[in-house]
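*Asks:* Take a look at this one; I'll ask things after.
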Amino acid sequence: MSTSIGKRELDETGRKLLERAMRGREEFEDLVIVPIFAVIVALILGALVMLATGVDLETIGRSFVALAKGSFGSINAVSETLTSAIPLVLAGLGLGLGFRAGLFNIGAEGQILMGGLAAAIFAFSFPGLPSFLLIPLALIAGALVGAIYAGIAGVLKAATGAHEVITTIMLNLSSYLILIYMLKRPYVQVAGRSDPVSKSVPPAGELPRLLDWLDPNLRLHAGLFLMLAAVAFVWWVLFRSKIGFAFRASGANPDAARYAGMKSGLIIVAAMASAGALAGLAGAAQVQGVLWRATPGFSAGIGFDAIALALLGRSHPVGILFAGILFGGLEAGGRQMQVDAGVSIDLIGIIQALIIVFIAAPLLVRALFPWGFARAPKGGK
Amino acid sequence: MTFLSKFGLAAALVAGSVTAASAFTACQVTDVGGIDDAGFNQTAWKGLEDVKTSDGIEGRFLESQAETDYAPNINSFIGQCDVIITVGFLMGDATKAAAEANPDQKFSIVDFAYDPTIPNVVGQVYATNQGGFLAGYLAAGMSKTGVLGTFGGINIPPVTDFMDGFVHGANLYNERHGTEVTVLGWNPESKEGLFTGNFESLDDGRAFAQNLYDEGADIVMPVAGPVGLGSAALADELGTDALKIIGVDADQYMTDTEKQHVYLTSVLKRMDATVTQVIKSAMDGSFAGGLVVGTLENDGVGLAPYHAFEDAVPAELKAEIEEIKAGIIDGSITVGG
């Protein structure tokens with residue numbers, strides 16, 4: 001078809017605009033439609049698993065209602081969902097930041113433990129400080145110790161090339177034992193107990209509860225603001241600051257980054273330390289907001305869940321925030337499933353895992369539900 | 001399309017929902033061992049199930065997967081249950097906090113005694129050192145190597161009470177028979193001993209029993225909930241001539257049916273009896289905060305039948321055990337510690 005040059009240029013522009021819109025649409029599909037389908041597929045598969053283990057249809061229906069009700073169906077549910085999301089998002093942000101810099105940090109669990117322990121020790125060591133000092137200082141103590149602990153793996157990698165996956169796993173194992181050892185020290189251990197339990201965080205060091213004027217059982221605490229601030233801050237660091245650019249550059253292509261004059265060793269240590277600071281903050285928030293003391297099991301696998309969370313959120317701060325709320329919802333909803341329908345907690349774990357599998361595999365979901373998505377543009381004009 | 005699927009989901013959800021009946025509801029929050037741990041949590045749950053069968057009440061439970069679950073699990077039951085039973089010493093603080101925030105909710109906790117008592121909480125505690133004492137005496141009489149072993153989950157009184165009694169019982173046997181049976185794994189004076197640090201790992205149960213066996217012990221009493229099942233597996237492989245196990249909490253001959261032949265006996269901690277008692281008191285309105293103590297006298301603790309070892313245990317030893325039991329009940333024998 002022969003047309004004037006002007007027309008052809010117009011076509012060209014139109015096509016480009018359309019392409020951009022398509023890309024936007026695809027992103028929208030990835031972020032919204034894929035999760036919805038993922039939840040549906042996971043629920044169907046979960047129902048099949050439950051059927052296979054001898055749960056009847058009525059109980060299955062009731063358990064799904066409970067999942068919805070327990071995650072977002074009431075003020076208490078939302079409070080529980082957000083309470084669970086706070087440490088997950090904080091630790092997930094740290095891991096996402098590491099992933100952007102090309103570091104596969106498995107060590108959030110240990111960094112949470114060390115950070116939480118530090119926050120607890122700091123808080124009960126200075127019970128006389130007023131809240132407005134004690135709360136932030138204890139949080140900072142947690143972040144600092146988390147950063148130092150993760151920094152060990154960073155230094156090992158930068159100086160010797162030791163792989164961070166190995167070193168952080170080993171540091172996790174060490175952290176459990178360090179924690180128990182520390183909790184048994186007379187200075188740390190609470191008086192009158194022979195098992196490893198730390199002294200309590202004084203009331204001035206507790207993150208204030210936000211909704212206790214409604215109902216004293218609502219556990220949502222001021223860590224919520226910490227979480228939101230951290231999302232904004234990490235977004236700014238990653239996408240607007242020089243160091244964030246260096247993180248992303250060395251993650252995308254370490255050789256190119258080095259040739260461009262970036263100090264790779266320094267970047268590795270800085271990225272690990274930042275990740276550790278966020279994980280330590282997660283531990284501190286958990287200790288100061290929910291538990292009020294450190295015990296051997298207080299990390300409860302948050303550091304490992306946060307890995308899935310960071311991957312699910314595509315290492316983007318906002319994605320991690322939503323993934324964290326999803327995880328928190330699954331945790332709170334899972335509890336309700338157990339209460340209302342008496343479904344085994346293990347089955348609930350299976351459904352939660354299935355939801356994550358399908359969200360993490362958008363291509364699989366697209367293949368299963370081709371009619372749910374705009375057709376991919378065919379080649380040619 | 002998306003809307004349609006969402007609508008379908010919603011319809012399925014509504015179809016599945018039913019309104020709950022308003023029967024008397026008793027609820028239980030388990031510790032991390034889980035509801036089917038063949039011991040601690042399972043025994044407490046049995047108490048609830050007994051009332052369920054006899055009086056037709058509703059029963060629900062929540063399993064804690066980590067210590068962080070205690071508070072939210074308890075909270076999920078508040079206002080939904082007539083009585084909430086928390087199982088385990090480690091839930092002491094969480095139960096106290098929930099009870100104080102919700103003074104109208106009835107609570108009961110297994111293995112924790114509050115001092116001062118809380119008006120809406122019944123603590124259920126057990127003189128397991130009495131049962132452990134009998135087991136220690138029996139084991140000392142049955143041991144061929146003269147070495148006994150014990151280990152615990154973590155170093156807390158509900159665990160170490162068993163071990164205290166076990167050591168003192170073996171000592172009494174030594175005193176009466178002039179033997180020198182030693183107990184590895186616990187020192188009642190220094191309150192130090194062998195602990196796995198958890199109530200979950202069957203591998204630890206196996207490894208700790210192996211260590212004690214390597215040191216010469218031929219009878220081991222694991223006090224760590226399901227961890228002991230790992231020790232039983234080792235005894236099963238080595239053969240009961242080499243290693244016997246003393247169960248705790250439940251009669252593990254009945255609960256661990258696959259390995260039942262390795263259990264010389266079990267130290268019973270009748271949590272089912274006290275849980276039943278507390279639920280019934282909540283039902284008939286006589287519920288009052290305080291303490292319920294299980295002893296040999298009221299059958300709250302005891303020694304299980306010898307089952308597979310019925311013929312192996314000498315009649316004189318059986319008679320001595322009965323005599324000591326009577327002595328503990330009338331106070332003429334003190335269990336030490």
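Numbering starts fresh at 1 for the residues of each chain in the structure tokens, the chains themselves are lettered A, B, ... in the order given, and ligands are numbered from 1 as they appear.
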Write out as a PyMOL selection string the residues lying within 9 Å of Arg248 of chain A, counting only C-alpha atoms and excluding same-chain residues fewer than 2 positions away.

*Replies:* chain A and resi 97+99-102+238-239+243-246+250-253

*Asks:* Specify as a list in words all residues of chain A found within 7 Å of chain B, counting only C-alpha atoms.

*Replies:*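 Result: Glu58, Gly61, Arg62, Phe64, Val65, Ser194, Asp195, Pro216, Asn217, Gly297, Phe298, Ala300, Gln338, Val339, Gly342 and Gly372 of chain A.
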
*Asks:* Would you export the selected residues with all heavy atoms as a compact mmCIF listing (two decimals), in the first residue's frame, please?

*Replies:*
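Saved file part23.txt follows:
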# COMPACT_ATOMS: atom_id res chain seq x y z
N GLU A 58 -18.92 -29.70 52.21
CA GLU A 58 -19.46 -28.61 53.03
C GLU A 58 -18.32 -27.97 53.83
O GLU A 58 -18.23 -26.75 53.92
CB GLU A 58 -20.53 -29.17 53.95
CG GLU A 58 -21.29 -28.09 54.69
CD GLU A 58 -21.74 -28.58 56.04
OE1 GLU A 58 -22.41 -29.63 56.12
OE2 GLU A 58 -21.40 -27.91 57.03
N GLY A 61 -16.19 -25.79 51.62
CA GLY A 61 -16.81 -24.49 51.37
C GLY A 61 -16.66 -23.58 52.57
O GLY A 61 -16.29 -22.41 52.46
N ARG A 62 -16.91 -24.17 53.75
CA ARG A 62 -16.84 -23.38 54.98
C ARG A 62 -15.42 -22.88 55.21
O ARG A 62 -15.20 -21.77 55.66
CB ARG A 62 -17.30 -24.24 56.15
CG ARG A 62 -17.87 -23.43 57.28
CD ARG A 62 -18.68 -24.29 58.20
NE ARG A 62 -18.10 -25.64 58.21
CZ ARG A 62 -18.39 -26.56 59.12
NH1 ARG A 62 -19.23 -26.29 60.05
NH2 ARG A 62 -17.84 -27.76 59.08
N PHE A 64 -13.21 -22.15 52.97
CA PHE A 64 -12.87 -21.05 52.06
C PHE A 64 -13.52 -19.75 52.50
O PHE A 64 -12.94 -18.67 52.39
CB PHE A 64 -13.27 -21.41 50.62
CG PHE A 64 -12.34 -22.43 50.00
CD1 PHE A 64 -12.68 -23.07 48.83
CD2 PHE A 64 -11.13 -22.75 50.61
CE1 PHE A 64 -11.83 -24.01 48.27
CE2 PHE A 64 -10.28 -23.68 50.06
CZ PHE A 64 -10.63 -24.32 48.89
N VAL A 65 -14.75 -19.86 52.99
CA VAL A 65 -15.38 -18.66 53.55
C VAL A 65 -14.53 -18.13 54.70
O VAL A 65 -14.27 -16.93 54.82
CB VAL A 65 -16.81 -18.97 54.06
CG1 VAL A 65 -17.39 -17.76 54.77
CG2 VAL A 65 -17.69 -19.39 52.91
N SER A 194 14.28 -20.94 83.96
CA SER A 194 15.49 -21.65 83.62
C SER A 194 15.60 -21.85 82.11
O SER A 194 16.63 -22.24 81.60
CB SER A 194 15.54 -22.99 84.33
OG SER A 194 14.31 -23.68 84.13
N ASP A 195 14.52 -21.62 81.38
CA ASP A 195 14.58 -21.76 79.93
C ASP A 195 15.00 -20.44 79.29
O ASP A 195 14.89 -19.38 79.90
CB ASP A 195 13.22 -22.22 79.37
CG ASP A 195 12.09 -21.33 79.81
OD1 ASP A 195 12.13 -20.87 80.96
OD2 ASP A 195 11.16 -21.10 79.02
N PRO A 216 -9.11 -4.30 72.93
CA PRO A 216 -7.74 -4.53 73.42
C PRO A 216 -7.06 -5.72 72.74
O PRO A 216 -5.85 -5.89 72.87
CB PRO A 216 -7.94 -4.80 74.91
CG PRO A 216 -9.37 -5.14 75.08
CD PRO A 216 -10.11 -4.43 73.99
N ASN A 217 -7.83 -6.56 72.02
CA ASN A 217 -7.21 -7.72 71.39
C ASN A 217 -6.64 -7.42 70.01
O ASN A 217 -6.05 -8.29 69.38
CB ASN A 217 -8.22 -8.86 71.28
CG ASN A 217 -8.65 -9.35 72.65
OD1 ASN A 217 -7.85 -9.44 73.56
ND2 ASN A 217 -9.93 -9.63 72.79
N GLY A 297 12.40 -19.20 69.44
CA GLY A 297 11.71 -19.40 68.16
C GLY A 297 11.06 -18.16 67.59
O GLY A 297 10.15 -18.26 66.80
N PHE A 298 11.51 -16.96 68.00
CA PHE A 298 10.66 -15.81 67.71
C PHE A 298 10.65 -15.39 66.25
O PHE A 298 9.77 -14.67 65.81
CB PHE A 298 10.99 -14.63 68.64
CG PHE A 298 12.16 -13.78 68.24
CD1 PHE A 298 12.00 -12.75 67.33
CD2 PHE A 298 13.42 -14.01 68.76
CE1 PHE A 298 13.07 -11.97 66.97
CE2 PHE A 298 14.49 -13.24 68.40
CZ PHE A 298 14.32 -12.21 67.49
N ALA A 300 10.23 -17.46 63.74
CA ALA A 300 9.11 -18.24 63.19
C ALA A 300 9.13 -18.37 61.68
O ALA A 300 8.09 -18.37 61.03
CB ALA A 300 7.78 -17.62 63.66
N GLN A 338 -8.78 -22.90 60.35
CA GLN A 338 -8.60 -23.94 61.35
C GLN A 338 -9.70 -23.83 62.41
O GLN A 338 -10.23 -24.84 62.86
CB GLN A 338 -7.23 -23.76 61.99
CG GLN A 338 -6.52 -25.05 62.28
CD GLN A 338 -5.27 -24.82 63.11
OE1 GLN A 338 -4.71 -23.72 63.10
NE2 GLN A 338 -4.85 -25.82 63.82
N VAL A 339 -10.03 -22.59 62.79
CA VAL A 339 -11.04 -22.38 63.83
C VAL A 339 -12.42 -22.80 63.34
O VAL A 339 -13.12 -23.56 63.99
CB VAL A 339 -11.08 -20.90 64.26
CG1 VAL A 339 -12.23 -20.67 65.23
CG2 VAL A 339 -9.78 -20.50 64.89
N GLY A 342 -12.06 -26.52 61.16
CA GLY A 342 -11.29 -27.62 61.73
C GLY A 342 -10.38 -28.29 60.72
O GLY A 342 -10.02 -29.45 60.85
N GLY A 372 -8.75 -15.29 29.48
CA GLY A 372 -8.79 -14.24 30.49
C GLY A 372 -7.87 -13.08 30.14
O GLY A 372 -7.88 -12.05 30.80

*Asks:* With distances taken over only C-alpha atoms, which of B:Asp256, B:Glu58, B:Glu316, B:Asp31 is nearest to Thr86 of chain B?

*Replies:*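 Ranking B:Asp256, B:Glu58, B:Glu316, B:Asp31 by distance to Thr86 of chain B, first place goes to B:Asp31.
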
*Asks:* Would you pick out the contacts of Leu211 of chain A at 10 Å or less, using only C-alpha atoms, so that residues sharing its chain but fewer than 2 positions from it are not included, and give the list as a PyMOL selection string?

*Replies:* chain A and resi 75-76+79+208-209+213-222

*Asks:* Calculate how many Å separate atom CA of Val227 of chain B from atom CA of Leu194 of chain B, rounding to one decimal.

*Replies:*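 It comes out at 13.2 Å.
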
*Asks:* Which residue is closest to Glu323 of chain B? Choose from B:Val87, B:Val110, B:Leu134, B:Val278 and count only C-alpha atoms.

*Replies:*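 Smallest separation from Glu323 of chain B among the options: B:Leu134.
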
*Asks:* Which residues come within 10 Å of segment 105-111 of chain A, counting only C-alpha atoms, excluding same-chain residues fewer than 6 positions away, as a PyMOL selection string?

*Replies:* chain A and resi 91-92+94-99+117+142-143+145-151+153-154+163-176+178-179+272+275-283+299-307

*Asks:* Among segment 210-262 of chain B, which ones does DSSP place in helix (DSSP H, G or I), written as a ChimeraX atom specification?

*Replies:* /B:210-214,227-238,252-255,257-262

*Asks:* Can you pull out every residue within 10 Å of Lys259 of chain B, counting only C-alpha atoms, but drop anything in the same chain fewer than 4 positions away, and send it as an MDAnalysis selection string?

*Replies:* chainID B and resid 229 232:237 252:255 263

*Asks:* Could the residues of segment 41-137 of chain A that have an atom at most 9 Å from segment 321-327 of chain A be listed as a tab-separated table, each with its closest atom pair and the distance in Å to one decimal, counting only C-alpha atoms and ordered by chain and ascending residue number?

*Replies:*
residue	atom	partner	partner_atom	distance
A:Ser71	CA	A:Leu326	CA	8.8
A:Thr81	CA	A:Ile325	CA	6.6
A:Leu82	CA	A:Ile325	CA	6.4
A:Ser84	CA	A:Phe327	CA	7.9
A:Ala85	CA	A:Gly324	CA	5.0
A:Ile86	CA	A:Gly324	CA	7.6
A:Pro87	CA	A:Gly324	CA	8.8
A:Leu88	CA	A:Gly324	CA	5.9
A:Val89	CA	A:Gly324	CA	5.2
A:Leu90	CA	A:Leu321	CA	8.8
A:Gly92	CA	A:Gly324	CA	7.9
A:Leu93	CA	A:Leu321	CA	8.3

*Asks:* How would the residues just chosen look if you wrote them out with N, CA, C and O atoms as an mmCIF file, in the first residue's frame?

*Replies:*
data_model
loop_
_atom_site.group_PDB
_atom_site.id
_atom_site.type_symbol
_atom_site.label_atom_id
_atom_site.label_comp_id
_atom_site.auth_asym_id
_atom_site.auth_seq_id
_atom_site.Cartn_x
_atom_site.Cartn_y
_atom_site.Cartn_z
ATOM 1 N N SER A 71 -9.036 -13.182 56.649
ATOM 2 C CA SER A 71 -7.951 -12.345 56.150
ATOM 3 C C SER A 71 -8.385 -10.895 56.005
ATOM 4 O O SER A 71 -7.634 -9.981 56.335
ATOM 5 N N THR A 81 -3.927 -9.424 59.665
ATOM 6 C CA THR A 81 -3.243 -9.505 58.373
ATOM 7 C C THR A 81 -2.084 -8.524 58.329
ATOM 8 O O THR A 81 -0.955 -8.869 57.960
ATOM 9 N N LEU A 82 -2.359 -7.274 58.734
ATOM 10 C CA LEU A 82 -1.304 -6.253 58.676
ATOM 11 C C LEU A 82 -0.216 -6.540 59.703
ATOM 12 O O LEU A 82 0.973 -6.343 59.430
ATOM 13 N N SER A 84 0.813 -9.410 60.701
ATOM 14 C CA SER A 84 1.694 -10.437 60.145
ATOM 15 C C SER A 84 2.537 -9.879 59.005
ATOM 16 O O SER A 84 3.655 -10.334 58.774
ATOM 17 N N ALA A 85 1.967 -8.923 58.273
ATOM 18 C CA ALA A 85 2.665 -8.415 57.088
ATOM 19 C C ALA A 85 3.879 -7.558 57.455
ATOM 20 O O ALA A 85 4.862 -7.524 56.706
ATOM 21 N N ILE A 86 3.833 -6.884 58.616
ATOM 22 C CA ILE A 86 4.882 -5.909 58.939
ATOM 23 C C ILE A 86 6.289 -6.514 58.885
ATOM 24 O O ILE A 86 7.130 -6.048 58.101
ATOM 25 N N PRO A 87 6.593 -7.572 59.667
ATOM 26 C CA PRO A 87 7.966 -8.095 59.599
ATOM 27 C C PRO A 87 8.274 -8.725 58.243
ATOM 28 O O PRO A 87 9.418 -8.662 57.771
ATOM 29 N N LEU A 88 7.249 -9.324 57.617
ATOM 30 C CA LEU A 88 7.478 -9.950 56.312
ATOM 31 C C LEU A 88 7.901 -8.912 55.278
ATOM 32 O O LEU A 88 8.842 -9.117 54.512
ATOM 33 N N VAL A 89 7.198 -7.780 55.265
ATOM 34 C CA VAL A 89 7.507 -6.753 54.271
ATOM 35 C C VAL A 89 8.884 -6.154 54.552
ATOM 36 O O VAL A 89 9.692 -5.981 53.633
ATOM 37 N N LEU A 90 9.161 -5.861 55.815
ATOM 38 C CA LEU A 90 10.465 -5.268 56.140
ATOM 39 C C LEU A 90 11.605 -6.187 55.702
ATOM 40 O O LEU A 90 12.542 -5.763 55.018
ATOM 41 N N GLY A 92 11.384 -8.633 53.565
ATOM 42 C CA GLY A 92 11.284 -8.813 52.121
ATOM 43 C C GLY A 92 11.918 -7.664 51.362
ATOM 44 O O GLY A 92 12.563 -7.863 50.320
ATOM 45 N N LEU A 93 11.766 -6.443 51.872
ATOM 46 C CA LEU A 93 12.385 -5.276 51.230
ATOM 47 C C LEU A 93 13.900 -5.445 51.195
ATOM 48 O O LEU A 93 14.553 -5.170 50.180
#

*Asks:* According to DSSP computed on the backbone, where in segment 45-286 of chain B is there strand (DSSP E)? Give the residues as an NGL selection string.

*Replies:* :B and (58-63 or 83-87 or 106-110 or 121-126 or 147-152 or 182-184 or 186-187 or 192-193 or 219-223 or 244-249 or 263-269)

*Asks:* Expressed in Å to a single decimal, how great is the separation between atom CA of Trp236 of chain A and atom CA of Met114 of chain A?

*Replies:*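 Taking atom CA of Trp236 of chain A and atom CA of Met114 of chain A, their separation equals 26.4 Å.
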
*Asks:* Pick the closest to Ser266 of chain B from B:Leu138, B:Ile109, B:Leu317, B:Val293: which is it, counting only C-alpha atoms?

*Replies:*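 Checking each candidate against Ser266 of chain B, we get B:Leu138 as the closest.
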
*Asks:* Could you give me, as number ranges by chain, the residues within 12 Å of Thr240 of chain B, counting only C-alpha atoms and dropping anything in the same chain fewer than 3 positions from it?

*Replies:* B: 142-144, 213, 218-220, 231-237, 243-246, 259-264, 308-309, 312
